[in-house]
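**Student:** First the structure, which I've put down as structure tokens, then a few questions once you've had a look.
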Amino acid sequence: MPYDPAMVKPMKEELTRIGFRELVTADDVDRFMGEAKTGTAMIVVNSVCGCAAGGARPGVTLALRHETKPERIATVFAGQDVEATARARGYFGDIPPSSPAIALFRDGRLVHFVPRHMIEGRDAKTIAWDLVAVFDEHCATLKK
Amino acid sequence: MGTFHADSGPLHGITVVVDTHGARVYIGRCHEERPEEVVLLDADAHEDGADGCTNAEYTRRAARFGVWKRWDRVAVPRAEIASIRRLGDVSQAPR
């Protein structure tokens with residue numbers, strides 16, 4: 001059963017207010033990934049878990065202040081937007097589902113994935129530093 | 001912001017590798033550390049040598065992307081546990 005929308009709203013807004021596109025249906029995901037066939041794109045699988053997502057959201061927020069970053073950013077909410085999350089995971093290939101998680105695509109191909117266990121217990125700055133290194137490696141196009 | 005359960009032990013919410021005194025290793029999200037058992041969620045296990053893979057190889061593979069859960073919840077008796085470590089601390093580099 002999905003979470004109470006009122007409970008997850010502020011957790012969603014932590015990302016949507018900095019420019020993340022909220023994907024709530026499978027069609028939303030397919031549309032986003034269709035647009036991401038060229039260039040770089042990131043999908044953040046958001047979640048209610050304070051142990052991990054509580055660090056992931058501010059970590060991603062910090063990382064996106066970096067000059068080099070993905071051209072397109074979107075988010076699905078695990079346990080809430082179930083259909084969209086399942087469809088997004090379909091684009092992650094054989095990677096086991098976890099949330100929160102972060103997927104980076106270049107020209108529609110998954111080039112980096114941060115599973116939950118690489119997020120949990122880490123502070124926002126550490127998560128951000130790792131993401132910035134990934135952005136520098138894969139996001140050649142600069143978008144501010 | 002989010003859900004926290006501070007009374008469930010310091011590893012609550014952390015994905016851990018539970019090495020046992022036997023051939024089995026468990027990987028799952030630690031839910032609760034009790035005196036008699038450790039409860040893991042979304043857990044998998046591997047028997048050393050199964051599928052031509054040692055426990056060390058299985059753990060290193062899991063460290064890259066995680067595991068496909070075999071159980072929603074599993075309780076590992078303390079008497080079977082040799083060590084508990086964070087999966088995030090396991091090196092992903094193949095040896």
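Going by the structure tokens order, chains are called A, B, ..., each with residues numbered from 1, while ligands are numbered from 1 in the order shown.
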Tell me the residues of chain B close to chain A, meaning within 12 Å using only C-alpha atoms, as a ChimeraX atom specification.

**Tutor:** /B:1-6,8,10-17,27-31,41-44,61-70,85-92

**Student:** Within 7 Å of Val38 of chain B, counting only C-alpha atoms, which residues show up once you throw out same-chain ones fewer than 3 positions away? Write them as a PDB file with N, CA, C and O atoms, in the first residue's frame, please.

**Tutor:**
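After the write, out_21.pdb holds the following:
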ATOM      1  N   GLU B  32      16.919  -5.075  13.056  1.00  0.00           N
ATOM      2  CA  GLU B  32      16.956  -5.039  14.516  1.00  0.00           C
ATOM      3  C   GLU B  32      18.040  -5.980  15.026  1.00  0.00           C
ATOM      4  O   GLU B  32      18.204  -7.093  14.526  1.00  0.00           O
ATOM      5  N   GLU B  33      18.781  -5.490  16.009  1.00  0.00           N
ATOM      6  CA  GLU B  33      19.777  -6.327  16.681  1.00  0.00           C
ATOM      7  C   GLU B  33      19.219  -6.700  18.045  1.00  0.00           C
ATOM      8  O   GLU B  33      19.063  -5.843  18.907  1.00  0.00           O
ATOM      9  N   ARG B  34      18.913  -7.973  18.205  1.00  0.00           N
ATOM     10  CA  ARG B  34      18.386  -8.468  19.474  1.00  0.00           C
ATOM     11  C   ARG B  34      19.447  -9.331  20.136  1.00  0.00           C
ATOM     12  O   ARG B  34      20.359  -9.816  19.472  1.00  0.00           O
ATOM     13  N   ALA B  75      15.691 -14.003  10.365  1.00  0.00           N
ATOM     14  CA  ALA B  75      16.350 -13.806  11.663  1.00  0.00           C
ATOM     15  C   ALA B  75      17.531 -14.765  11.761  1.00  0.00           C
ATOM     16  O   ALA B  75      17.359 -15.983  11.649  1.00  0.00           O
ATOM     17  N   VAL B  76      18.718 -14.215  11.947  1.00  0.00           N
ATOM     18  CA  VAL B  76      19.917 -15.034  12.044  1.00  0.00           C
ATOM     19  C   VAL B  76      20.278 -15.166  13.524  1.00  0.00           C
ATOM     20  O   VAL B  76      20.549 -14.163  14.190  1.00  0.00           O
ATOM     21  N   PRO B  77      20.284 -16.411  14.042  1.00  0.00           N
ATOM     22  CA  PRO B  77      20.610 -16.586  15.471  1.00  0.00           C
ATOM     23  C   PRO B  77      22.017 -16.085  15.793  1.00  0.00           C
ATOM     24  O   PRO B  77      22.958 -16.317  15.027  1.00  0.00           O
ATOM     25  N   ARG B  78      22.160 -15.418  16.917  1.00  0.00           N
ATOM     26  CA  ARG B  78      23.474 -14.896  17.338  1.00  0.00           C
ATOM     27  C   ARG B  78      24.528 -15.996  17.387  1.00  0.00           C
ATOM     28  O   ARG B  78      25.691 -15.769  17.066  1.00  0.00           O
TER      29      ARG B  78
END

**Student:** Based on DSSP run over this structure's backbone, return all residues of chain B in alpha helix (DSSP H), as JSON, numbers by chain.

**Tutor:** {"B": [55, 56, 57, 58, 59, 60, 61, 62, 63, 64, 65]}

**Student:** Can you list every residue in chain B that DSSP puts in strand (DSSP E), as number ranges by chain?

**Tutor:** B: 15-20, 24-33, 37-47, 71-77, 81-86

**Student:** Let me see the file: selected residues, N, CA and C atoms, as a short mmCIF file (atom, residue, chain, number, x, y, z; two decimals), in the first residue's frame.

**Tutor:**
data_model
loop_
_atom_site.label_atom_id
_atom_site.label_comp_id
_atom_site.auth_asym_id
_atom_site.auth_seq_id
_atom_site.Cartn_x
_atom_site.Cartn_y
_atom_site.Cartn_z
N THR B 15 22.72 -1.88 5.25
CA THR B 15 22.87 -3.17 4.59
C THR B 15 24.17 -3.82 5.08
N VAL B 16 24.03 -5.02 5.61
CA VAL B 16 25.18 -5.66 6.27
C VAL B 16 25.47 -7.03 5.67
N VAL B 17 26.72 -7.44 5.87
CA VAL B 17 27.16 -8.79 5.55
C VAL B 17 27.26 -9.53 6.88
N VAL B 18 26.50 -10.60 7.01
CA VAL B 18 26.55 -11.40 8.23
C VAL B 18 27.29 -12.71 7.91
N ASP B 19 28.53 -12.79 8.35
CA ASP B 19 29.31 -14.01 8.17
C ASP B 19 28.95 -14.97 9.30
N THR B 20 28.78 -16.24 8.96
CA THR B 20 28.43 -17.22 9.98
C THR B 20 29.63 -18.15 10.24
N ARG B 24 27.58 -20.43 5.23
CA ARG B 24 26.62 -19.45 4.72
C ARG B 24 26.97 -18.03 5.11
N VAL B 25 26.76 -17.12 4.16
CA VAL B 25 26.85 -15.69 4.45
C VAL B 25 25.52 -15.05 4.07
N TYR B 26 25.06 -14.16 4.91
CA TYR B 26 23.81 -13.44 4.65
C TYR B 26 24.14 -11.98 4.29
N ILE B 27 23.34 -11.44 3.38
CA ILE B 27 23.41 -10.00 3.11
C ILE B 27 21.98 -9.46 3.14
N GLY B 28 21.76 -8.44 3.91
CA GLY B 28 20.43 -7.84 4.00
C GLY B 28 20.48 -6.56 4.80
N ARG B 29 19.35 -5.89 4.82
CA ARG B 29 19.27 -4.63 5.55
C ARG B 29 18.96 -4.92 7.01
N CYS B 30 19.85 -4.51 7.87
CA CYS B 30 19.67 -4.79 9.29
C CYS B 30 18.46 -4.03 9.82
N HIS B 31 17.54 -4.79 10.37
CA HIS B 31 16.33 -4.16 10.91
C HIS B 31 16.44 -4.01 12.42
N GLU B 32 16.92 -5.07 13.06
CA GLU B 32 16.96 -5.04 14.52
C GLU B 32 18.04 -5.98 15.03
N GLU B 33 18.78 -5.49 16.01
CA GLU B 33 19.78 -6.33 16.68
C GLU B 33 19.22 -6.70 18.04
N GLU B 37 19.23 -12.75 18.33
CA GLU B 37 19.24 -12.84 16.86
C GLU B 37 19.38 -11.45 16.24
N VAL B 38 19.75 -11.48 14.97
CA VAL B 38 19.78 -10.24 14.19
C VAL B 38 18.77 -10.40 13.07
N VAL B 39 17.89 -9.42 12.95
CA VAL B 39 16.82 -9.49 11.96
C VAL B 39 17.22 -8.68 10.73
N LEU B 40 17.21 -9.35 9.57
CA LEU B 40 17.53 -8.70 8.31
C LEU B 40 16.28 -8.62 7.44
N LEU B 41 16.16 -7.54 6.69
CA LEU B 41 15.07 -7.38 5.72
C LEU B 41 15.66 -7.43 4.31
N ASP B 42 14.81 -7.84 3.36
CA ASP B 42 15.21 -7.90 1.94
C ASP B 42 16.57 -8.60 1.81
N ALA B 43 16.64 -9.80 2.35
CA ALA B 43 17.93 -10.47 2.50
C ALA B 43 18.13 -11.60 1.50
N ASP B 44 19.40 -11.88 1.28
CA ASP B 44 19.80 -13.02 0.46
C ASP B 44 20.87 -13.76 1.24
N ALA B 45 21.19 -14.97 0.79
CA ALA B 45 22.27 -15.73 1.43
C ALA B 45 23.00 -16.51 0.36
N HIS B 46 24.23 -16.86 0.68
CA HIS B 46 25.04 -17.63 -0.26
C HIS B 46 25.81 -18.68 0.52
N GLU B 47 25.88 -19.89 -0.06
CA GLU B 47 26.68 -20.96 0.54
C GLU B 47 28.03 -20.97 -0.16
N TRP B 71 14.48 -13.39 0.89
CA TRP B 71 13.50 -13.31 1.97
C TRP B 71 13.16 -11.85 2.25
N ASP B 72 11.89 -11.59 2.54
CA ASP B 72 11.52 -10.26 3.02
C ASP B 72 12.13 -10.02 4.40
N ARG B 73 12.19 -11.10 5.20
CA ARG B 73 12.68 -10.97 6.57
C ARG B 73 13.32 -12.29 6.97
N VAL B 74 14.49 -12.22 7.56
CA VAL B 74 15.13 -13.42 8.08
C VAL B 74 15.82 -13.08 9.40
N ALA B 75 15.69 -14.00 10.36
CA ALA B 75 16.35 -13.81 11.66
C ALA B 75 17.53 -14.77 11.76
N VAL B 76 18.72 -14.22 11.95
CA VAL B 76 19.92 -15.03 12.04
C VAL B 76 20.28 -15.17 13.52
N PRO B 77 20.28 -16.41 14.04
CA PRO B 77 20.61 -16.59 15.47
C PRO B 77 22.02 -16.08 15.79
N ILE B 81 26.43 -16.41 14.25
CA ILE B 81 27.08 -15.24 13.64
C ILE B 81 28.55 -15.13 14.06
N ALA B 82 29.40 -15.06 13.03
CA ALA B 82 30.83 -14.85 13.29
C ALA B 82 31.18 -13.37 13.27
N SER B 83 30.56 -12.64 12.34
CA SER B 83 30.84 -11.19 12.28
C SER B 83 29.73 -10.51 11.50
N ILE B 84 29.62 -9.21 11.75
CA ILE B 84 28.69 -8.37 10.99
C ILE B 84 29.45 -7.15 10.52
N ARG B 85 29.38 -6.87 9.23
CA ARG B 85 30.06 -5.69 8.68
C ARG B 85 29.17 -5.03 7.65
N ARG B 86 29.46 -3.76 7.40
CA ARG B 86 28.66 -3.02 6.44
C ARG B 86 29.04 -3.44 5.02
#

**Student:** Could you give me, as a VMD selection string, the residues within 12 Å of Val82 of chain A, counting only C-alpha atoms and dropping anything in the same chain fewer than 5 positions from it?

**Tutor:** chain A and resid 1 to 3 23 to 26 29 45 to 47 76 to 77 87 to 89

**Student:** State, in Å with one decimal place, the distance from atom CA of Leu64 of chain A to atom CA of Asp4 of chain A.

**Tutor:**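 So the two atoms, atom CA of Leu64 of chain A and atom CA of Asp4 of chain A, lie 28.4 Å apart.
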